[in-house]
Number of protein chains: 2
Amino acid sequence: MSLVVVGSVAYDGVETPHGKVERMLGGACTYISLSASYFTKASIVAVVGDDFAGEDVDLLASRGIDLTGLERIPGKTFFWSGVYSADMNDRTTLRTDLNVFADFNPRLPEAYRSQSHLLLGNIQPALQRGVLAQMTGPKLAGGDTMNFWIRDFREELLETIREWDFLLINDSEARMLSGETNLKKAAARIFEMGPQTLVIKRGEYGALLFRPGDCFMVPGYLLETVFDPTGAGDCFAGGFIGYLASKGLGAGDFDREPAELRRAVVYGSVMGSFCCEEFGVDRFRTLTRAEIDARFQEFKATTEF
Amino acid sequence: MSLVVVGSVAYDGVETPHGKVERMLGGACTYISLSASYFTKASIVAVVGDDFAGEDVDLLASRGIDLTGLERIPGKTFFWSGVYSADMNDRTTLRTDLNVFADFNPRLPEAYRSQSHLLLGNIQPALQRGVLAQMTGPKLAGGDTMNFWIRDFREELLETIREWDFLLINDSEARMLSGETNLKKAAARIFEMGPQTLVIKRGEYGALLFRPGDCFMVPGYLLETVFDPTGAGDCFAGGFIGYLASKGLGAGDFDREPAELRRAVVYGSVMGSFCCEEFGVDRFRTLTRAEIDARFQEFKATTEF
C-alpha cells in the first residue's frame, strides 16, 4: 500500500520560549510525509521555488519519500513565520509570503493516481477536490482544513469533504464547521456532511476518534519539554494515515478492524509528540521506528486500567 | 473502612448557559461526601447556620452520611454565587458571604478520630493541619487546596501538605504551587514537598495521576450537555477516596496495588462527569451505583486500544 500526500512545502521562521530559528524546512506536506515515512512509502505533491535547498531535498529523499510530484518553479518557496505564546498553546503569525505556492495547482504524476491512500493537507478546498478527482479510487481518502476555509469557503469545503472518508481537524475547527460547541454533537453533524470517521486533535490534551456509534479518547503524551509545536498536527496526520496504509486498511475495513483504527490514532499522537521535541523537522533526522514503537507501548502503559 | 470529610457546606447561586438557580445546596464537603457515599461510609465535619434547611439535611442523611460533625450555629450558612462563561471553562464569582464559615474551627467527634481515610476539602491550611492532628493515624490522608492559599499562605500550606499522602488539585494550582509550567516537572517538585501521590484534575480534559516513577492519564468523559460544572472537582475527590476506602487501601498499599489506584482516578472522573449533568447536587438525588459502574465500563471501552 502507498500514500499520496498533498500540501505545502515551505520555509518557516519560528520563535518559541526555547529559542528562535530564522528559516527552516516546514510546511504541512513536509511534516505529514516525514511522519508517514516511518510506516509506509509516501509520495508527495507540492511546489517549491528555485531557492529550495538541496539539503532539504536530501532529507526527504533519505526517508524514501517519492519526490516525482515535487514541482520546482522560478520564484521563492512559501515562507511563514510566527511566534508562540509562553505556554505555546497560541501563536501569532508574523509573516505569510505565499510566493510560488500562490498558484499551486496540484497535478498528480501518472504513477500516483492508482495509489491506495490519500492525505490532503490544508490547502484551498477546490484544489483538494481536484486532487481526489485525479485518483482512480483510493481505499482511503481524507484530510485537514482550517478556520479560513471553514469561514470564507464554506460551500466549496462542504462539497469537498462530502467525498472524504475521514476528516482530521482540531477542536476549534470542529466547533466552527459544525456550529456545535459540544464535540459529541459536533461529530454527529460532521457525519451528516460526509466523512464517517472524524479525528479531532486537541493539542496537549490528546485526540478523539468518532465513528457513528463509537468513540475513542486518547490523552496527550506528557513531554518534559515542548521545544516547538510547529507541525505536530501534521505529524499526527502522517502517523495516522501512515499506519493505516502500512496495514492496507481502507474506509471499508474500519467496522471490521476498529482496534486498528484506534492504534492509528495512537500512532498519530506518538508522532505528534516526537515532533515537539526539537525545532522544526529536526527530530526526524534521528528518530527511529524502534523509538516510535517504544512510545506507543508507553502510551499503553500510562493509559491502561 | 470509613472516611472523614472536612470542608464547606454552603448555599450556592449559579448561572450557566443552561439556566440560573438563586440558591441551592453546595459546598466542597457536600459534594465530596455525596460522591463518596456511593462507595463507603462518609462522616462529615462542617458548619452551617440556623437557616440550613431540613430537606438538605435529609438529602445527606438519605445517602447514609454521618452528620455528627455537622455543627449548626446561630447565623447564616456560607453563601457563594457565580456565573459561568459560555464554554463553562471559566467562572466569575459574584458574591462570597462567609457567614458562619468565617469562624469555622473543625473539631472531630470522638468516633471520627480513628477512622481510616481523611479527605481535607479546600479550607485554610492551618485548619486542615489541625484536623489531621486530631486523627489517631489514618491509612490515607490528603486533600485539596486553591490559588488563594498557594499565593498568600504558602508557608502554612507547605507545612500542612508535608504530612499528606496525596494532593488532589487542578492543573493551574499544580503549576502555581510548583513554579513549573510543565506538569511532569511540577509533579517532581510536589513530591519533594511531601505527598507521594499527586492527582491533577484538568476539567473536561480529564486527569493525571503521578507517583514517583509512574504516571497515569485518563481523558475527560465526553458529556453531550454540561449543565453545571459546580462541584465536579469535589465529586472527583469523593469518588477517588471513596473507592480507595471501599477497598481498604492506604498510602502503604499503592506500590503493591497500582491498578486499584488507577481505578480510583477513573471513579473520580466518573463521579465528576455525573455531577455536571444537572444543577448543583441534583444528579445525586437519582444516581445509582449501577449507573456509576456502567460509566466506569464505558470509560474502559472508549480508552482501550
# chains A, B, ... in the order shown; residues from 1 in each chain; ligands from 1
>>> residues_around(residues="Arg189 of chain B", least_positions_apart="2", cutoff="9 Å", atoms="only C-alpha atoms", output="list in words")
Leu177, Ser178, Gly179, Glu180, Lys184, Lys185, Ala186, Ala187, Phe191, Glu192 and Met193 of chain B
>>> write_last_selection(atoms="N, CA and C atoms", output="PDB file, in the first residue's frame")
ATOM      1  N   LEU B 177       1.755  26.114  42.522  1.00  0.00           N
ATOM      2  CA  LEU B 177       2.410  25.563  43.706  1.00  0.00           C
ATOM      3  C   LEU B 177       3.865  25.192  43.430  1.00  0.00           C
ATOM      4  N   SER B 178       4.108  24.593  42.270  1.00  0.00           N
ATOM      5  CA  SER B 178       5.443  24.067  41.964  1.00  0.00           C
ATOM      6  C   SER B 178       6.345  25.098  41.303  1.00  0.00           C
ATOM      7  N   GLY B 179       5.746  26.111  40.676  1.00  0.00           N
ATOM      8  CA  GLY B 179       6.539  27.057  39.899  1.00  0.00           C
ATOM      9  C   GLY B 179       6.995  26.483  38.570  1.00  0.00           C
ATOM     10  N   GLU B 180       6.427  25.348  38.176  1.00  0.00           N
ATOM     11  CA  GLU B 180       6.787  24.715  36.902  1.00  0.00           C
ATOM     12  C   GLU B 180       5.587  24.715  35.966  1.00  0.00           C
ATOM     13  N   LYS B 184       4.870  17.343  34.286  1.00  0.00           N
ATOM     14  CA  LYS B 184       5.776  16.285  34.762  1.00  0.00           C
ATOM     15  C   LYS B 184       6.790  16.876  35.742  1.00  0.00           C
ATOM     16  N   LYS B 185       7.309  18.046  35.373  1.00  0.00           N
ATOM     17  CA  LYS B 185       8.259  18.713  36.262  1.00  0.00           C
ATOM     18  C   LYS B 185       7.557  19.195  37.536  1.00  0.00           C
ATOM     19  N   ALA B 186       6.317  19.661  37.379  1.00  0.00           N
ATOM     20  CA  ALA B 186       5.540  20.100  38.537  1.00  0.00           C
ATOM     21  C   ALA B 186       5.376  18.943  39.524  1.00  0.00           C
ATOM     22  N   ALA B 187       5.092  17.765  39.008  1.00  0.00           N
ATOM     23  CA  ALA B 187       4.898  16.595  39.874  1.00  0.00           C
ATOM     24  C   ALA B 187       6.179  16.292  40.651  1.00  0.00           C
ATOM     25  N   PHE B 191       6.429  16.198  44.743  1.00  0.00           N
ATOM     26  CA  PHE B 191       6.881  15.031  45.534  1.00  0.00           C
ATOM     27  C   PHE B 191       7.855  15.487  46.625  1.00  0.00           C
ATOM     28  N   GLU B 192       8.694  16.464  46.291  1.00  0.00           N
ATOM     29  CA  GLU B 192       9.671  16.963  47.278  1.00  0.00           C
ATOM     30  C   GLU B 192       8.996  17.678  48.445  1.00  0.00           C
ATOM     31  N   MET B 193       7.759  18.104  48.235  1.00  0.00           N
ATOM     32  CA  MET B 193       7.026  18.824  49.288  1.00  0.00           C
ATOM     33  C   MET B 193       6.333  17.879  50.265  1.00  0.00           C
TER      34      MET B 193
END
>>> closest_atom_pairs(of="chain A", to="chain B", cutoff="7 Å", atoms="only C-alpha atoms", output="JSON lines")
{"residue": "A:Asn182", "atom": "CA", "partner": "B:Glu224", "partner_atom": "CA", "distance": 6.4}
{"residue": "A:Lys184", "atom": "CA", "partner": "B:Glu224", "partner_atom": "CA", "distance": 6.0}
{"residue": "A:Lys185", "atom": "CA", "partner": "B:Glu224", "partner_atom": "CA", "distance": 6.7}
{"residue": "A:Tyr205", "atom": "CA", "partner": "B:Tyr205", "partner_atom": "CA", "distance": 6.2}
{"residue": "A:Cys215", "atom": "CA", "partner": "B:Thr302", "partner_atom": "CA", "distance": 5.9}
{"residue": "A:Phe216", "atom": "CA", "partner": "B:Thr302", "partner_atom": "CA", "distance": 4.6}
{"residue": "A:Met217", "atom": "CA", "partner": "B:Thr303", "partner_atom": "CA", "distance": 5.3}
{"residue": "A:Val218", "atom": "CA", "partner": "B:Thr303", "partner_atom": "CA", "distance": 6.3}
{"residue": "A:Pro219", "atom": "CA", "partner": "B:Pro219", "partner_atom": "CA", "distance": 5.3}
{"residue": "A:Leu222", "atom": "CA", "partner": "B:Lys184", "partner_atom": "CA", "distance": 6.9}
{"residue": "A:Glu224", "atom": "CA", "partner": "B:Lys184", "partner_atom": "CA", "distance": 6.0}
{"residue": "A:Ala259", "atom": "CA", "partner": "B:Phe305", "partner_atom": "CA", "distance": 6.1}
{"residue": "A:Arg262", "atom": "CA", "partner": "B:Phe305", "partner_atom": "CA", "distance": 6.0}
{"residue": "A:Arg263", "atom": "CA", "partner": "B:Phe305", "partner_atom": "CA", "distance": 6.3}
{"residue": "A:Thr302", "atom": "CA", "partner": "B:Phe216", "partner_atom": "CA", "distance": 4.6}
{"residue": "A:Thr303", "atom": "CA", "partner": "B:Met217", "partner_atom": "CA", "distance": 5.3}
{"residue": "A:Phe305", "atom": "CA", "partner": "B:Arg262", "partner_atom": "CA", "distance": 6.0}
>>> write_last_selection(atoms="all heavy atoms", output="CSV table (one decimal), in the first residue's frame")
chain,number,residue,atom,x,y,z
A,182,ASN,N,-20.4,21.4,21.8
A,182,ASN,CA,-20.1,20.1,22.3
A,182,ASN,C,-19.6,19.2,21.2
A,182,ASN,O,-20.2,19.1,20.1
A,182,ASN,CB,-21.5,19.5,22.9
A,182,ASN,CG,-21.3,18.2,23.5
A,182,ASN,OD1,-21.2,17.2,22.7
A,182,ASN,ND2,-21.2,18.1,24.8
A,184,LYS,N,-19.3,15.9,20.9
A,184,LYS,CA,-20.1,14.7,20.5
A,184,LYS,C,-21.2,15.2,19.5
A,184,LYS,O,-21.5,14.5,18.5
A,184,LYS,CB,-20.8,14.1,21.8
A,184,LYS,CG,-20.1,12.9,22.3
A,184,LYS,CD,-21.1,12.2,23.3
A,184,LYS,CE,-20.5,10.8,23.6
A,184,LYS,NZ,-21.2,10.2,24.7
A,185,LYS,N,-21.8,16.3,19.8
A,185,LYS,CA,-22.8,16.8,18.9
A,185,LYS,C,-22.1,17.3,17.6
A,185,LYS,O,-22.7,17.1,16.5
A,185,LYS,CB,-23.6,18.0,19.5
A,185,LYS,CG,-24.5,17.6,20.7
A,185,LYS,CD,-25.2,18.8,21.3
A,185,LYS,CE,-26.1,18.3,22.4
A,185,LYS,NZ,-26.5,19.5,23.2
A,205,TYR,N,-3.9,18.0,24.9
A,205,TYR,CA,-4.9,17.2,25.6
A,205,TYR,C,-5.2,16.0,24.8
A,205,TYR,O,-6.2,15.3,25.2
A,205,TYR,CB,-6.1,18.1,25.8
A,205,TYR,CG,-5.9,19.3,26.7
A,205,TYR,CD1,-5.9,20.6,26.3
A,205,TYR,CD2,-5.5,19.1,28.1
A,205,TYR,CE1,-5.7,21.7,27.1
A,205,TYR,CE2,-5.2,20.1,28.9
A,205,TYR,CZ,-5.3,21.4,28.4
A,205,TYR,OH,-5.0,22.5,29.2
A,215,CYS,N,-16.7,5.9,19.9
A,215,CYS,CA,-15.9,7.0,20.3
A,215,CYS,C,-14.6,6.4,21.0
A,215,CYS,O,-14.7,5.5,21.7
A,215,CYS,CB,-16.7,7.9,21.3
A,215,CYS,SG,-15.7,9.1,22.1
A,216,PHE,N,-13.5,7.0,20.7
A,216,PHE,CA,-12.2,6.6,21.3
A,216,PHE,C,-11.5,7.9,21.8
A,216,PHE,O,-11.5,8.9,21.1
A,216,PHE,CB,-11.4,5.9,20.3
A,216,PHE,CG,-10.0,5.6,20.8
A,216,PHE,CD1,-9.8,4.8,21.9
A,216,PHE,CD2,-8.9,6.0,20.1
A,216,PHE,CE1,-8.5,4.5,22.4
A,216,PHE,CE2,-7.6,5.7,20.5
A,216,PHE,CZ,-7.4,5.0,21.6
A,217,MET,N,-11.0,7.9,23.0
A,217,MET,CA,-10.3,9.0,23.5
A,217,MET,C,-8.9,8.7,23.9
A,217,MET,O,-8.7,7.7,24.6
A,217,MET,CB,-11.0,9.5,24.8
A,217,MET,CG,-12.5,9.5,24.7
A,217,MET,SD,-13.3,10.2,26.2
A,217,MET,CE,-13.3,8.8,27.4
A,218,VAL,N,-7.9,9.5,23.5
A,218,VAL,CA,-6.5,9.2,23.9
A,218,VAL,C,-6.0,10.5,24.5
A,218,VAL,O,-6.2,11.6,23.9
A,218,VAL,CB,-5.7,8.7,22.7
A,218,VAL,CG1,-5.6,9.7,21.5
A,218,VAL,CG2,-4.3,8.4,23.1
A,219,PRO,N,-5.4,10.5,25.7
A,219,PRO,CA,-4.9,11.7,26.2
A,219,PRO,C,-3.6,12.1,25.5
A,219,PRO,O,-3.0,11.3,24.8
A,219,PRO,CB,-4.6,11.3,27.7
A,219,PRO,CG,-4.6,9.8,27.8
A,219,PRO,CD,-5.2,9.3,26.5
A,222,LEU,N,2.7,13.3,27.8
A,222,LEU,CA,3.3,14.3,28.6
A,222,LEU,C,4.8,14.5,28.3
A,222,LEU,O,5.6,13.7,28.8
A,222,LEU,CB,3.1,14.0,30.1
A,222,LEU,CG,1.7,14.1,30.6
A,222,LEU,CD1,1.7,13.6,32.1
A,222,LEU,CD2,1.2,15.6,30.6
A,224,GLU,N,8.4,16.3,28.7
A,224,GLU,CA,9.0,17.2,29.8
A,224,GLU,C,9.3,18.6,29.2
A,224,GLU,O,9.2,19.5,29.9
A,224,GLU,CB,10.3,16.5,30.2
A,224,GLU,CG,10.1,15.3,31.1
A,224,GLU,CD,10.7,15.4,32.4
A,224,GLU,OE1,11.1,16.5,32.8
A,224,GLU,OE2,10.8,14.3,33.1
A,259,ALA,N,-10.0,-1.8,16.2
A,259,ALA,CA,-8.8,-1.7,17.1
A,259,ALA,C,-7.7,-1.2,16.3
A,259,ALA,O,-6.9,-0.4,16.8
A,259,ALA,CB,-8.5,-3.1,17.6
A,262,ARG,N,-8.1,2.6,16.1
A,262,ARG,CA,-7.6,3.2,17.3
A,262,ARG,C,-6.1,3.3,17.4
A,262,ARG,O,-5.5,4.3,17.8
A,262,ARG,CB,-8.2,2.4,18.5
A,262,ARG,CG,-9.7,2.6,18.7
A,262,ARG,CD,-10.2,1.8,19.9
A,262,ARG,NE,-11.6,2.2,20.2
A,262,ARG,CZ,-12.2,2.1,21.3
A,262,ARG,NH1,-11.6,1.6,22.4
A,262,ARG,NH2,-13.5,2.4,21.4
A,263,ARG,N,-5.5,2.2,17.0
A,263,ARG,CA,-4.0,2.2,17.0
A,263,ARG,C,-3.4,3.3,16.1
A,263,ARG,O,-2.4,3.9,16.5
A,263,ARG,CB,-3.4,0.8,16.6
A,263,ARG,CG,-3.5,-0.2,17.7
A,263,ARG,CD,-3.0,-1.6,17.3
A,263,ARG,NE,-3.7,-2.6,18.0
A,263,ARG,CZ,-4.4,-3.6,17.5
A,263,ARG,NH1,-4.5,-3.7,16.2
A,263,ARG,NH2,-5.1,-4.4,18.3
A,302,THR,N,0.6,3.9,30.2
A,302,THR,CA,0.2,5.0,31.0
A,302,THR,C,-1.3,5.3,30.9
A,302,THR,O,-1.8,6.3,31.5
A,302,THR,CB,0.9,6.3,30.7
A,302,THR,OG1,0.9,6.5,29.3
A,302,THR,CG2,2.4,6.2,31.1
A,303,THR,N,-2.0,4.5,30.1
A,303,THR,CA,-3.5,4.7,30.0
A,303,THR,C,-4.3,3.5,30.4
A,303,THR,O,-5.5,3.6,30.6
A,303,THR,CB,-3.9,5.1,28.6
A,303,THR,OG1,-3.5,4.1,27.6
A,303,THR,CG2,-3.2,6.4,28.1
A,305,PHE,N,-6.1,0.7,32.5
A,305,PHE,CA,-6.6,0.5,33.9
A,305,PHE,C,-7.5,-0.7,34.0
A,305,PHE,O,-8.0,-1.2,32.9
A,305,PHE,CB,-7.3,1.8,34.4
A,305,PHE,CG,-8.6,2.1,33.7
A,305,PHE,CD1,-9.8,1.6,34.2
A,305,PHE,CD2,-8.6,2.9,32.6
A,305,PHE,CE1,-11.0,2.0,33.5
A,305,PHE,CE2,-9.8,3.3,31.9
A,305,PHE,CZ,-10.9,2.8,32.4
>>> residues_around(residues="Pro229 of chain B", least_positions_apart="4", cutoff="9 Å", atoms="only C-alpha atoms", output="VMD selection string")
chain B and resid 16 84 88 to 89 203 233 272 to 273 275 to 280
>>> write_last_selection(atoms="N, CA and C atoms", output="CSV table (one decimal), in the first residue's frame")
chain,number,residue,atom,x,y,z
B,16,THR,N,-25.4,29.3,34.6
B,16,THR,CA,-24.7,28.7,33.4
B,16,THR,C,-25.5,29.0,32.2
B,84,TYR,N,-21.0,31.4,35.0
B,84,TYR,CA,-20.0,30.7,34.1
B,84,TYR,C,-20.0,31.3,32.8
B,88,MET,N,-18.2,27.4,29.7
B,88,MET,CA,-18.1,26.9,31.1
B,88,MET,C,-16.8,26.5,31.6
B,89,ASN,N,-15.7,27.0,30.9
B,89,ASN,CA,-14.4,26.7,31.4
B,89,ASN,C,-13.9,27.8,32.4
B,203,GLY,N,-10.3,19.3,34.4
B,203,GLY,CA,-11.7,19.6,33.9
B,203,GLY,C,-12.1,18.7,32.8
B,233,GLY,N,-15.1,19.0,40.6
B,233,GLY,CA,-13.7,18.6,41.1
B,233,GLY,C,-13.9,18.0,42.5
B,272,GLY,N,-17.2,13.0,38.8
B,272,GLY,CA,-17.1,14.4,38.3
B,272,GLY,C,-18.0,14.6,37.1
B,273,SER,N,-18.1,13.6,36.2
B,273,SER,CA,-18.9,13.7,35.0
B,273,SER,C,-20.4,13.7,35.3
B,275,CYS,N,-21.7,14.7,38.1
B,275,CYS,CA,-22.1,16.0,38.7
B,275,CYS,C,-22.5,17.1,37.8
B,276,CYS,N,-21.9,17.1,36.6
B,276,CYS,CA,-22.1,18.2,35.6
B,276,CYS,C,-23.5,18.0,34.9
B,277,GLU,N,-24.1,16.8,35.0
B,277,GLU,CA,-25.3,16.6,34.2
B,277,GLU,C,-26.5,17.3,34.7
B,278,GLU,N,-26.5,17.7,36.0
B,278,GLU,CA,-27.7,18.5,36.4
B,278,GLU,C,-27.2,19.7,37.3
B,279,PHE,N,-28.0,20.6,37.7
B,279,PHE,CA,-27.6,21.7,38.5
B,279,PHE,C,-27.3,21.2,39.9
B,280,GLY,N,-26.2,21.8,40.5
B,280,GLY,CA,-25.9,21.6,41.9
B,280,GLY,C,-25.7,20.1,42.2
>>> residues_around(residues="Val6 of chain A", least_positions_apart="6", cutoff="7 Å", atoms="only C-alpha atoms", output="ChimeraX atom specification")
/A:29,44-46,119-121
>>> write_last_selection(atoms="N, CA, C and O atoms", output="compact mmCIF listing (two decimals), in the first residue's frame")
# COMPACT_ATOMS: atom_id res chain seq x y z
N CYS A 29 2.87 19.39 4.06
CA CYS A 29 3.23 18.21 3.27
C CYS A 29 4.55 17.62 3.76
O CYS A 29 4.72 16.40 3.80
N ILE A 44 4.90 12.64 -2.52
CA ILE A 44 4.35 13.98 -2.29
C ILE A 44 4.04 14.75 -3.56
O ILE A 44 4.66 14.54 -4.61
N VAL A 45 3.06 15.65 -3.45
CA VAL A 45 2.72 16.61 -4.49
C VAL A 45 2.79 17.99 -3.84
O VAL A 45 2.04 18.28 -2.91
N ALA A 46 3.71 18.81 -4.33
CA ALA A 46 3.90 20.14 -3.74
C ALA A 46 4.70 20.99 -4.72
O ALA A 46 5.15 20.50 -5.75
N LEU A 119 -3.79 11.62 1.56
CA LEU A 119 -3.92 12.59 2.65
C LEU A 119 -3.83 13.99 2.06
O LEU A 119 -2.77 14.39 1.53
N LEU A 120 -4.92 14.73 2.17
CA LEU A 120 -4.97 16.09 1.63
C LEU A 120 -4.66 17.08 2.75
O LEU A 120 -5.49 17.31 3.63
N GLY A 121 -3.47 17.64 2.70
CA GLY A 121 -3.10 18.66 3.68
C GLY A 121 -3.98 19.89 3.50
O GLY A 121 -4.75 20.00 2.54
>>> select_by_dssp(residues="segment 24-138 of chain B", states="strand (DSSP E or B)", output="MDAnalysis selection string")
chainID B and resid 24:26 41:48 66:72 79:84 91:97 117:120
>>> residues_around(residues="Arg151 of chain B", least_positions_apart="3", cutoff="10 Å", atoms="only C-alpha atoms", output="PDB file with all heavy atoms, in the first residue's frame")
ATOM      1  N   MET B 146      -6.288  25.688  47.045  1.00  0.00           N
ATOM      2  CA  MET B 146      -6.631  26.580  45.936  1.00  0.00           C
ATOM      3  C   MET B 146      -5.617  27.709  45.792  1.00  0.00           C
ATOM      4  O   MET B 146      -4.774  27.923  46.682  1.00  0.00           O
ATOM      5  CB  MET B 146      -8.032  27.153  46.103  1.00  0.00           C
ATOM      6  CG  MET B 146      -8.133  28.145  47.235  1.00  0.00           C
ATOM      7  SD  MET B 146      -9.830  28.770  47.469  1.00  0.00           S
ATOM      8  CE  MET B 146     -10.060  29.761  45.999  1.00  0.00           C
ATOM      9  N   ASN B 147      -5.712  28.463  44.698  1.00  0.00           N
ATOM     10  CA  ASN B 147      -4.758  29.527  44.371  1.00  0.00           C
ATOM     11  C   ASN B 147      -4.552  30.526  45.524  1.00  0.00           C
ATOM     12  O   ASN B 147      -3.432  30.927  45.801  1.00  0.00           O
ATOM     13  CB  ASN B 147      -5.149  30.246  43.077  1.00  0.00           C
ATOM     14  CG  ASN B 147      -6.623  30.662  43.059  1.00  0.00           C
ATOM     15  OD1 ASN B 147      -7.325  30.539  44.066  1.00  0.00           O
ATOM     16  ND2 ASN B 147      -7.075  31.152  41.923  1.00  0.00           N
ATOM     17  N   PHE B 148      -5.621  30.881  46.219  1.00  0.00           N
ATOM     18  CA  PHE B 148      -5.538  31.855  47.307  1.00  0.00           C
ATOM     19  C   PHE B 148      -4.556  31.413  48.388  1.00  0.00           C
ATOM     20  O   PHE B 148      -3.688  32.174  48.827  1.00  0.00           O
ATOM     21  CB  PHE B 148      -6.936  32.090  47.878  1.00  0.00           C
ATOM     22  CG  PHE B 148      -6.970  33.015  49.064  1.00  0.00           C
ATOM     23  CD1 PHE B 148      -6.535  34.328  48.962  1.00  0.00           C
ATOM     24  CD2 PHE B 148      -7.455  32.568  50.283  1.00  0.00           C
ATOM     25  CE1 PHE B 148      -6.573  35.175  50.063  1.00  0.00           C
ATOM     26  CE2 PHE B 148      -7.501  33.414  51.388  1.00  0.00           C
ATOM     27  CZ  PHE B 148      -7.053  34.728  51.269  1.00  0.00           C
ATOM     28  N   ARG B 154       1.531  30.490  51.681  1.00  0.00           N
ATOM     29  CA  ARG B 154       2.409  29.449  51.148  1.00  0.00           C
ATOM     30  C   ARG B 154       3.119  28.627  52.236  1.00  0.00           C
ATOM     31  O   ARG B 154       3.100  27.395  52.199  1.00  0.00           O
ATOM     32  CB  ARG B 154       3.441  30.078  50.210  1.00  0.00           C
ATOM     33  CG  ARG B 154       4.220  29.053  49.443  1.00  0.00           C
ATOM     34  CD  ARG B 154       5.134  29.645  48.389  1.00  0.00           C
ATOM     35  NE  ARG B 154       5.895  28.575  47.793  1.00  0.00           N
ATOM     36  CZ  ARG B 154       5.452  27.816  46.800  1.00  0.00           C
ATOM     37  NH1 ARG B 154       4.275  28.017  46.268  1.00  0.00           N
ATOM     38  NH2 ARG B 154       6.188  26.827  46.325  1.00  0.00           N
ATOM     39  N   GLU B 155       3.732  29.306  53.208  1.00  0.00           N
ATOM     40  CA  GLU B 155       4.491  28.566  54.229  1.00  0.00           C
ATOM     41  C   GLU B 155       3.584  27.652  55.040  1.00  0.00           C
ATOM     42  O   GLU B 155       3.918  26.506  55.320  1.00  0.00           O
ATOM     43  CB  GLU B 155       5.241  29.546  55.149  1.00  0.00           C
ATOM     44  CG  GLU B 155       6.460  30.177  54.496  1.00  0.00           C
ATOM     45  CD  GLU B 155       7.322  29.158  53.733  1.00  0.00           C
ATOM     46  OE1 GLU B 155       7.687  28.116  54.317  1.00  0.00           O
ATOM     47  OE2 GLU B 155       7.603  29.383  52.531  1.00  0.00           O
ATOM     48  N   LEU B 157       0.762  26.434  54.044  1.00  0.00           N
ATOM     49  CA  LEU B 157       0.304  25.354  53.168  1.00  0.00           C
ATOM     50  C   LEU B 157       1.375  24.271  53.042  1.00  0.00           C
ATOM     51  O   LEU B 157       1.075  23.065  53.119  1.00  0.00           O
ATOM     52  CB  LEU B 157      -0.055  25.923  51.785  1.00  0.00           C
ATOM     53  CG  LEU B 157      -0.519  24.880  50.773  1.00  0.00           C
ATOM     54  CD1 LEU B 157      -1.850  24.259  51.190  1.00  0.00           C
ATOM     55  CD2 LEU B 157      -0.645  25.498  49.379  1.00  0.00           C
ATOM     56  N   GLU B 173      -3.348  25.129  39.625  1.00  0.00           N
ATOM     57  CA  GLU B 173      -2.845  25.118  41.003  1.00  0.00           C
ATOM     58  C   GLU B 173      -1.517  24.362  41.098  1.00  0.00           C
ATOM     59  O   GLU B 173      -0.611  24.775  41.829  1.00  0.00           O
ATOM     60  CB  GLU B 173      -3.884  24.482  41.937  1.00  0.00           C
ATOM     61  CG  GLU B 173      -5.127  25.363  42.139  1.00  0.00           C
ATOM     62  CD  GLU B 173      -6.381  24.592  42.577  1.00  0.00           C
ATOM     63  OE1 GLU B 173      -6.325  23.343  42.667  1.00  0.00           O
ATOM     64  OE2 GLU B 173      -7.412  25.250  42.802  1.00  0.00           O
ATOM     65  N   MET B 176       1.105  26.678  39.855  1.00  0.00           N
ATOM     66  CA  MET B 176       1.371  27.763  40.794  1.00  0.00           C
ATOM     67  C   MET B 176       2.149  27.264  42.015  1.00  0.00           C
ATOM     68  O   MET B 176       3.116  27.885  42.468  1.00  0.00           O
ATOM     69  CB  MET B 176       0.042  28.369  41.233  1.00  0.00           C
ATOM     70  CG  MET B 176       0.179  29.625  42.081  1.00  0.00           C
ATOM     71  SD  MET B 176      -1.427  30.154  42.715  1.00  0.00           S
ATOM     72  CE  MET B 176      -1.866  31.434  41.580  1.00  0.00           C
ATOM     73  N   LEU B 177       1.755  26.114  42.522  1.00  0.00           N
ATOM     74  CA  LEU B 177       2.410  25.563  43.706  1.00  0.00           C
ATOM     75  C   LEU B 177       3.865  25.192  43.430  1.00  0.00           C
ATOM     76  O   LEU B 177       4.751  25.439  44.243  1.00  0.00           O
ATOM     77  CB  LEU B 177       1.625  24.329  44.195  1.00  0.00           C
ATOM     78  CG  LEU B 177       2.213  23.558  45.373  1.00  0.00           C
ATOM     79  CD1 LEU B 177       2.305  24.439  46.611  1.00  0.00           C
ATOM     80  CD2 LEU B 177       1.373  22.313  45.681  1.00  0.00           C
TER      81      LEU B 177
END
>>> atom_distance(atom1="atom CA of Gly82 of chain B", atom2="atom CA of Tyr11 of chain B")
11.6 Å
>>> residues_around(residues="Pro74 of chain B", least_positions_apart="3", cutoff="10 Å", atoms="only C-alpha atoms", output="ChimeraX atom specification")
/B:48-51,77,99-100
>>> residues_around(residues="Arg129 of chain A", least_positions_apart="3", cutoff="10 Å", atoms="only C-alpha atoms", output="PyMOL selection string")
chain A and resi 120+124-126+132-134+156-157+159-164
>>> select_by_dssp(residues="segment 93-184 of chain B", states="alpha helix (DSSP H)", output="PyMOL selection string")
chain B and resi 125-134+147-152+154-161+171-178+183-184
>>> atom_distance(atom1="atom CA of Leu70 of chain A", atom2="atom CA of Tyr267 of chain A")
26.3 Å
>>> atom_distance(atom1="atom CA of Arg283 of chain A", atom2="atom CA of Ala232 of chain A")
11.3 Å
>>> closest_residue(among="B:Ile32, B:Val131, B:Leu249, B:Ile241", to="Leu167 of chain B", atoms="only C-alpha atoms")
B:Ile241
>>> closest_residue(among="A:Gly213, A:Gly75, A:Gly268, A:Gly143", to="Asp97 of chain A", atoms="only C-alpha atoms")
A:Gly75
>>> decode(residues="segment 264-279 of chain B", atoms="C-alpha atoms", output="compact mmCIF listing (two decimals), in the first residue's frame")
# COMPACT_ATOMS: atom_id res chain seq x y z
CA ALA B 264 -9.80 5.23 41.91
CA VAL B 265 -8.81 8.01 39.50
CA VAL B 266 -11.26 6.70 36.90
CA TYR B 267 -14.05 6.52 39.50
CA GLY B 268 -13.17 10.10 40.37
CA SER B 269 -13.61 11.08 36.72
CA VAL B 270 -16.88 9.18 36.55
CA MET B 271 -18.29 11.00 39.59
CA GLY B 272 -17.14 14.38 38.28
CA SER B 273 -18.89 13.72 34.99
CA PHE B 274 -22.20 12.82 36.65
CA CYS B 275 -22.05 15.97 38.75
CA CYS B 276 -22.14 18.16 35.61
CA GLU B 277 -25.30 16.56 34.25
CA GLU B 278 -27.69 18.54 36.44
CA PHE B 279 -27.63 21.71 38.52
